[in-house]
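> Shown below is the structure under consideration.
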Amino acid sequence: MAFNLKEFKRFEKQIILKKIGISGQKKIKKAKVLIIGMGGLGCPLLTYLASSGINNIGIVDHDKIELGNLNRQILFDTFDLGKYKVCQAKEKIKKIYKQIKLKIFKIKITKKNIKSIIKGYEIICDGTDNFKTRLLINDYCKKNKKILISAAISKFDGHLFKFNFKKKVPCFRCFMPQLPFQEMNCDVEGIFPPVAGILGSLQANEVLKTILDLKDDLDGNMLIFDSLKMNIRKSKIQINPNCSNTCKN
């Protein structure tokens, strides 16, 4: 893959890292990443992935920007109110990195369209705010051996998951076999704004580590962040023998 002097100067500060170099930067440029959900997680995630030099990114969201989004969805401002998130995100990101091929999907992801949306991407990032959609994405990625990097936020806490379904690993259903009785999201429980930025950045960190094949990753684990105690810990997700995705096989 061609790599010119202008690109070298743009990404020089990461290229000089021994674990990246020119070869690593070429991997970053070549990667194909899909972000589902352009909210509090998707905004910092997209910003860092684009700024790092990923050329092929897809973004999925059917929502329009509301005033209540602006405390944490950092790509948007008051002039964007009432406009589609994916359209405004593309406009802002193009100002950061003009060379990026940013494909937008101004729709809600469903069983009927998930294949046509996800099939062209290697790494899927889930930043959605409901369990039904999370499980749909999980099941498709599991079946089609995609890499799924998922984050969730609520109140003062955040969770980060990575499932490399090219290997034998647990899935999100192993962690949560059934839908909870009550949906838990920012609208219901509230959110401390920096938590969205931190988890979106951690999600971007895990995407880049995956692209670069850095070994110390989250595969099959859950990272738990508590912003009040300033505590981060990892917890192993065990394969559930009763998982409907037959993870035990």
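Here, A, B, ... name the chains of the structure tokens in the order displayed, residue numbers run from 1 inside each chain, and ligands are numbered from 1 in the same displayed order.
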Could you pull the residues within 10 Å of region 102-108 of chain A, counting only C-alpha atoms, minus those fewer than 5 positions along the same chain, as a PyMOL selection string?

chain A and resi 33-37+50+54-64+84-87+89-91+93-94+113-114+117+133

> Within 12 Å of Lys115 (chain A), counting only C-alpha atoms, which residues qualify if same-chain residues fewer than 3 places away don't, as a ChimeraX atom specification?

/A:109-112,118-121,136-137,139-141,143-144,146

> Create the file for the chosen residues now, containing N, CA and C atoms and written as a PDB file, in the first residue's frame.


ATOM      1  N   ILE A 109     -30.093  -0.433  12.675  1.00  0.00           N
ATOM      2  CA  ILE A 109     -29.652  -1.771  12.313  1.00  0.00           C
ATOM      3  C   ILE A 109     -30.693  -2.794  12.770  1.00  0.00           C
ATOM      4  N   THR A 110     -31.056  -3.709  11.869  1.00  0.00           N
ATOM      5  CA  THR A 110     -32.089  -4.714  12.132  1.00  0.00           C
ATOM      6  C   THR A 110     -31.633  -6.069  11.595  1.00  0.00           C
ATOM      7  N   LYS A 111     -32.406  -7.101  11.865  1.00  0.00           N
ATOM      8  CA  LYS A 111     -32.108  -8.433  11.339  1.00  0.00           C
ATOM      9  C   LYS A 111     -32.096  -8.433   9.814  1.00  0.00           C
ATOM     10  N   LYS A 112     -32.938  -7.593   9.207  1.00  0.00           N
ATOM     11  CA  LYS A 112     -33.061  -7.569   7.752  1.00  0.00           C
ATOM     12  C   LYS A 112     -31.876  -6.897   7.055  1.00  0.00           C
ATOM     13  N   ILE A 118     -22.767  -4.851   7.657  1.00  0.00           N
ATOM     14  CA  ILE A 118     -21.550  -5.300   8.342  1.00  0.00           C
ATOM     15  C   ILE A 118     -20.583  -6.066   7.439  1.00  0.00           C
ATOM     16  N   LYS A 119     -21.067  -6.696   6.398  1.00  0.00           N
ATOM     17  CA  LYS A 119     -20.256  -7.662   5.646  1.00  0.00           C
ATOM     18  C   LYS A 119     -18.924  -7.123   5.124  1.00  0.00           C
ATOM     19  N   GLY A 120     -18.829  -5.844   4.834  1.00  0.00           N
ATOM     20  CA  GLY A 120     -17.604  -5.294   4.266  1.00  0.00           C
ATOM     21  C   GLY A 120     -16.571  -4.829   5.280  1.00  0.00           C
ATOM     22  N   TYR A 121     -16.806  -5.087   6.554  1.00  0.00           N
ATOM     23  CA  TYR A 121     -15.915  -4.590   7.611  1.00  0.00           C
ATOM     24  C   TYR A 121     -15.338  -5.731   8.439  1.00  0.00           C
ATOM     25  N   LEU A 136     -28.198  -8.616  18.907  1.00  0.00           N
ATOM     26  CA  LEU A 136     -28.284  -8.810  17.457  1.00  0.00           C
ATOM     27  C   LEU A 136     -26.905  -8.702  16.818  1.00  0.00           C
ATOM     28  N   ILE A 137     -26.158  -7.670  17.196  1.00  0.00           N
ATOM     29  CA  ILE A 137     -24.809  -7.460  16.659  1.00  0.00           C
ATOM     30  C   ILE A 137     -23.890  -8.598  17.094  1.00  0.00           C
ATOM     31  N   ASP A 139     -24.676 -11.679  17.883  1.00  0.00           N
ATOM     32  CA  ASP A 139     -25.013 -12.945  17.221  1.00  0.00           C
ATOM     33  C   ASP A 139     -24.509 -12.975  15.781  1.00  0.00           C
ATOM     34  N   TYR A 140     -24.639 -11.840  15.083  1.00  0.00           N
ATOM     35  CA  TYR A 140     -24.168 -11.795  13.696  1.00  0.00           C
ATOM     36  C   TYR A 140     -22.644 -11.927  13.646  1.00  0.00           C
ATOM     37  N   CYS A 141     -21.963 -11.189  14.519  1.00  0.00           N
ATOM     38  CA  CYS A 141     -20.494 -11.231  14.537  1.00  0.00           C
ATOM     39  C   CYS A 141     -19.991 -12.622  14.906  1.00  0.00           C
ATOM     40  N   LYS A 143     -21.565 -15.521  14.400  1.00  0.00           N
ATOM     41  CA  LYS A 143     -21.854 -16.420  13.284  1.00  0.00           C
ATOM     42  C   LYS A 143     -20.895 -16.224  12.120  1.00  0.00           C
ATOM     43  N   ASN A 144     -20.484 -14.972  11.889  1.00  0.00           N
ATOM     44  CA  ASN A 144     -19.667 -14.646  10.718  1.00  0.00           C
ATOM     45  C   ASN A 144     -18.200 -14.384  11.049  1.00  0.00           C
ATOM     46  N   LYS A 146     -16.544 -12.300  12.974  1.00  0.00           N
ATOM     47  CA  LYS A 146     -16.043 -10.926  12.990  1.00  0.00           C
ATOM     48  C   LYS A 146     -15.385 -10.637  14.347  1.00  0.00           C
TER      49      LYS A 146
END

> Between A:Gly39, A:Gly82, A:Pro44, A:Gly21, single out the one closest to Gln203 (chain A), counting only C-alpha atoms.

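When distances to Gln203 (chain A) are compared using only C-alpha atoms, the smallest one comes from A:Pro44.
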
> Could you check which of A:Gln238, A:Asn245, A:Asn205, A:Asn231 is closest to Leu49 (chain A), using only C-alpha atoms?

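Result for the nearest residue to Leu49 (chain A): A:Asn205.
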
> Which parts of region 45-190 of chain A does DSSP call strand (DSSP E) when run on the backbone here, written out as a ChimeraX atom specification?

/A:56-60,101-105,123-126,147-154,157-164

> Convert the current residue selection to file output with C-alpha atoms, as a PDB file, in the first residue's frame.


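And here's part14.pdb as it stands now:
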ATOM      1  CA  ASN A  56     -12.125   2.963   5.634  1.00  0.00           C
ATOM      2  CA  ILE A  57     -14.743   3.576   8.311  1.00  0.00           C
ATOM      3  CA  GLY A  58     -18.491   3.054   8.280  1.00  0.00           C
ATOM      4  CA  ILE A  59     -20.856   4.723  10.767  1.00  0.00           C
ATOM      5  CA  VAL A  60     -24.414   3.626  11.555  1.00  0.00           C
ATOM      6  CA  LYS A 101     -13.437   7.024   3.011  1.00  0.00           C
ATOM      7  CA  LEU A 102     -16.311   7.452   5.429  1.00  0.00           C
ATOM      8  CA  LYS A 103     -19.503   5.597   4.549  1.00  0.00           C
ATOM      9  CA  ILE A 104     -22.692   6.530   6.377  1.00  0.00           C
ATOM     10  CA  PHE A 105     -25.712   4.350   7.100  1.00  0.00           C
ATOM     11  CA  ILE A 123     -13.785  -4.942  13.083  1.00  0.00           C
ATOM     12  CA  ILE A 124     -17.212  -4.020  14.438  1.00  0.00           C
ATOM     13  CA  CYS A 125     -17.552  -1.430  17.210  1.00  0.00           C
ATOM     14  CA  ASP A 126     -20.786  -1.479  19.173  1.00  0.00           C
ATOM     15  CA  ILE A 147     -14.096  -9.085  15.692  1.00  0.00           C
ATOM     16  CA  LEU A 148     -16.491  -7.250  18.015  1.00  0.00           C
ATOM     17  CA  ILE A 149     -15.338  -4.457  20.324  1.00  0.00           C
ATOM     18  CA  SER A 150     -18.215  -3.238  22.447  1.00  0.00           C
ATOM     19  CA  ALA A 151     -18.550  -0.521  25.088  1.00  0.00           C
ATOM     20  CA  ALA A 152     -21.347   0.483  27.434  1.00  0.00           C
ATOM     21  CA  ILE A 153     -21.778   3.389  29.840  1.00  0.00           C
ATOM     22  CA  SER A 154     -24.195   4.242  32.643  1.00  0.00           C
ATOM     23  CA  ASP A 157     -19.332   3.564  35.180  1.00  0.00           C
ATOM     24  CA  GLY A 158     -18.273   1.997  31.909  1.00  0.00           C
ATOM     25  CA  HIS A 159     -17.622  -1.472  30.497  1.00  0.00           C
ATOM     26  CA  LEU A 160     -15.488  -2.540  27.558  1.00  0.00           C
ATOM     27  CA  PHE A 161     -15.601  -5.953  25.859  1.00  0.00           C
ATOM     28  CA  LYS A 162     -13.629  -7.580  23.060  1.00  0.00           C
ATOM     29  CA  PHE A 163     -14.719 -10.756  21.292  1.00  0.00           C
ATOM     30  CA  ASN A 164     -12.479 -12.109  18.537  1.00  0.00           C
TER      31      ASN A 164
END

> Quick check, in Å to one decimal: how far apart do CA of Phe76 (chain A) and CA of Lys9 (chain A) lie?

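We find that CA of Phe76 (chain A) and CA of Lys9 (chain A) lie 28.2 Å from each other.
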
> What gap, in Å, lies between CA of Phe79 (chain A) and CA of Gly197 (chain A)?

21.2 Å

> Would you mind writing down, as a PyMOL selection string, each residue of region 152-234 of chain A that DSSP on the backbone assigns to helix (DSSP H, G or I)?

chain A and resi 172-175+186-189+193-211

> Those selected residues, please, written with N, CA and C atoms and delivered as a PDB file, in the first residue's frame.


ATOM      1  N   PHE A 172     -21.250 -12.209  24.051  1.00  0.00           N
ATOM      2  CA  PHE A 172     -21.989 -11.335  24.955  1.00  0.00           C
ATOM      3  C   PHE A 172     -23.141 -12.075  25.634  1.00  0.00           C
ATOM      4  N   ARG A 173     -23.693 -13.078  24.956  1.00  0.00           N
ATOM      5  CA  ARG A 173     -24.776 -13.867  25.560  1.00  0.00           C
ATOM      6  C   ARG A 173     -24.263 -14.725  26.721  1.00  0.00           C
ATOM      7  N   CYS A 174     -22.978 -15.090  26.680  1.00  0.00           N
ATOM      8  CA  CYS A 174     -22.401 -15.816  27.821  1.00  0.00           C
ATOM      9  C   CYS A 174     -22.408 -14.924  29.058  1.00  0.00           C
ATOM     10  N   PHE A 175     -22.167 -13.629  28.840  1.00  0.00           N
ATOM     11  CA  PHE A 175     -22.157 -12.661  29.933  1.00  0.00           C
ATOM     12  C   PHE A 175     -23.576 -12.293  30.359  1.00  0.00           C
ATOM     13  N   CYS A 186     -28.460   5.824  29.055  1.00  0.00           N
ATOM     14  CA  CYS A 186     -28.275   7.196  29.525  1.00  0.00           C
ATOM     15  C   CYS A 186     -29.603   7.914  29.765  1.00  0.00           C
ATOM     16  N   ASP A 187     -30.593   7.621  28.937  1.00  0.00           N
ATOM     17  CA  ASP A 187     -31.887   8.283  29.080  1.00  0.00           C
ATOM     18  C   ASP A 187     -32.573   7.905  30.383  1.00  0.00           C
ATOM     19  N   VAL A 188     -32.378   6.671  30.816  1.00  0.00           N
ATOM     20  CA  VAL A 188     -33.040   6.170  32.022  1.00  0.00           C
ATOM     21  C   VAL A 188     -32.226   6.473  33.280  1.00  0.00           C
ATOM     22  N   GLU A 189     -30.907   6.219  33.214  1.00  0.00           N
ATOM     23  CA  GLU A 189     -30.071   6.286  34.416  1.00  0.00           C
ATOM     24  C   GLU A 189     -29.179   7.514  34.496  1.00  0.00           C
ATOM     25  N   PRO A 193     -20.588  12.882  31.905  1.00  0.00           N
ATOM     26  CA  PRO A 193     -20.042  13.074  30.555  1.00  0.00           C
ATOM     27  C   PRO A 193     -18.644  12.528  30.294  1.00  0.00           C
ATOM     28  N   PRO A 194     -17.654  12.717  31.207  1.00  0.00           N
ATOM     29  CA  PRO A 194     -16.315  12.207  30.888  1.00  0.00           C
ATOM     30  C   PRO A 194     -16.254  10.700  30.713  1.00  0.00           C
ATOM     31  N   VAL A 195     -17.183   9.970  31.332  1.00  0.00           N
ATOM     32  CA  VAL A 195     -17.183   8.509  31.189  1.00  0.00           C
ATOM     33  C   VAL A 195     -17.350   8.113  29.727  1.00  0.00           C
ATOM     34  N   ALA A 196     -18.199   8.838  28.996  1.00  0.00           N
ATOM     35  CA  ALA A 196     -18.400   8.559  27.571  1.00  0.00           C
ATOM     36  C   ALA A 196     -17.098   8.753  26.795  1.00  0.00           C
ATOM     37  N   GLY A 197     -16.396   9.842  27.089  1.00  0.00           N
ATOM     38  CA  GLY A 197     -15.132  10.116  26.402  1.00  0.00           C
ATOM     39  C   GLY A 197     -14.060   9.086  26.720  1.00  0.00           C
ATOM     40  N   ILE A 198     -14.002   8.680  27.988  1.00  0.00           N
ATOM     41  CA  ILE A 198     -12.989   7.708  28.406  1.00  0.00           C
ATOM     42  C   ILE A 198     -13.243   6.347  27.763  1.00  0.00           C
ATOM     43  N   LEU A 199     -14.492   5.873  27.806  1.00  0.00           N
ATOM     44  CA  LEU A 199     -14.785   4.553  27.237  1.00  0.00           C
ATOM     45  C   LEU A 199     -14.679   4.562  25.722  1.00  0.00           C
ATOM     46  N   GLY A 200     -15.091   5.653  25.068  1.00  0.00           N
ATOM     47  CA  GLY A 200     -14.923   5.742  23.618  1.00  0.00           C
ATOM     48  C   GLY A 200     -13.456   5.722  23.228  1.00  0.00           C
ATOM     49  N   SER A 201     -12.612   6.372  24.041  1.00  0.00           N
ATOM     50  CA  SER A 201     -11.166   6.381  23.781  1.00  0.00           C
ATOM     51  C   SER A 201     -10.561   5.004  24.029  1.00  0.00           C
ATOM     52  N   LEU A 202     -11.011   4.327  25.094  1.00  0.00           N
ATOM     53  CA  LEU A 202     -10.533   2.971  25.365  1.00  0.00           C
ATOM     54  C   LEU A 202     -10.952   2.012  24.244  1.00  0.00           C
ATOM     55  N   GLN A 203     -12.131   2.236  23.709  1.00  0.00           N
ATOM     56  CA  GLN A 203     -12.606   1.426  22.585  1.00  0.00           C
ATOM     57  C   GLN A 203     -11.689   1.633  21.370  1.00  0.00           C
ATOM     58  N   ALA A 204     -11.347   2.882  21.094  1.00  0.00           N
ATOM     59  CA  ALA A 204     -10.428   3.185  19.990  1.00  0.00           C
ATOM     60  C   ALA A 204      -9.063   2.553  20.236  1.00  0.00           C
ATOM     61  N   ASN A 205      -8.610   2.600  21.473  1.00  0.00           N
ATOM     62  CA  ASN A 205      -7.335   1.991  21.852  1.00  0.00           C
ATOM     63  C   ASN A 205      -7.331   0.496  21.530  1.00  0.00           C
ATOM     64  N   GLU A 206      -8.432  -0.180  21.856  1.00  0.00           N
ATOM     65  CA  GLU A 206      -8.517  -1.617  21.614  1.00  0.00           C
ATOM     66  C   GLU A 206      -8.613  -1.937  20.126  1.00  0.00           C
ATOM     67  N   VAL A 207      -9.276  -1.078  19.362  1.00  0.00           N
ATOM     68  CA  VAL A 207      -9.350  -1.262  17.909  1.00  0.00           C
ATOM     69  C   VAL A 207      -7.949  -1.193  17.298  1.00  0.00           C
ATOM     70  N   LEU A 208      -7.194  -0.181  17.666  1.00  0.00           N
ATOM     71  CA  LEU A 208      -5.856  -0.004  17.104  1.00  0.00           C
ATOM     72  C   LEU A 208      -4.925  -1.138  17.528  1.00  0.00           C
ATOM     73  N   LYS A 209      -5.018  -1.574  18.782  1.00  0.00           N
ATOM     74  CA  LYS A 209      -4.219  -2.713  19.237  1.00  0.00           C
ATOM     75  C   LYS A 209      -4.559  -3.973  18.449  1.00  0.00           C
ATOM     76  N   THR A 210      -5.827  -4.141  18.131  1.00  0.00           N
ATOM     77  CA  THR A 210      -6.265  -5.298  17.350  1.00  0.00           C
ATOM     78  C   THR A 210      -5.695  -5.250  15.944  1.00  0.00           C
ATOM     79  N   ILE A 211      -5.755  -4.085  15.319  1.00  0.00           N
ATOM     80  CA  ILE A 211      -5.211  -3.913  13.971  1.00  0.00           C
ATOM     81  C   ILE A 211      -3.717  -4.224  13.946  1.00  0.00           C
TER      82      ILE A 211
END

> A:Lys19, A:Phe156, A:Ala31, A:Asn240: which is nearest Ile224 (chain A), counting only C-alpha atoms?

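Among A:Lys19, A:Phe156, A:Ala31, A:Asn240, it is A:Phe156 that comes nearest to Ile224 (chain A).
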
> To one decimal place, how far is CA of Asp80 (chain A) from CA of Gln99 (chain A) in Å?

23.2 Å
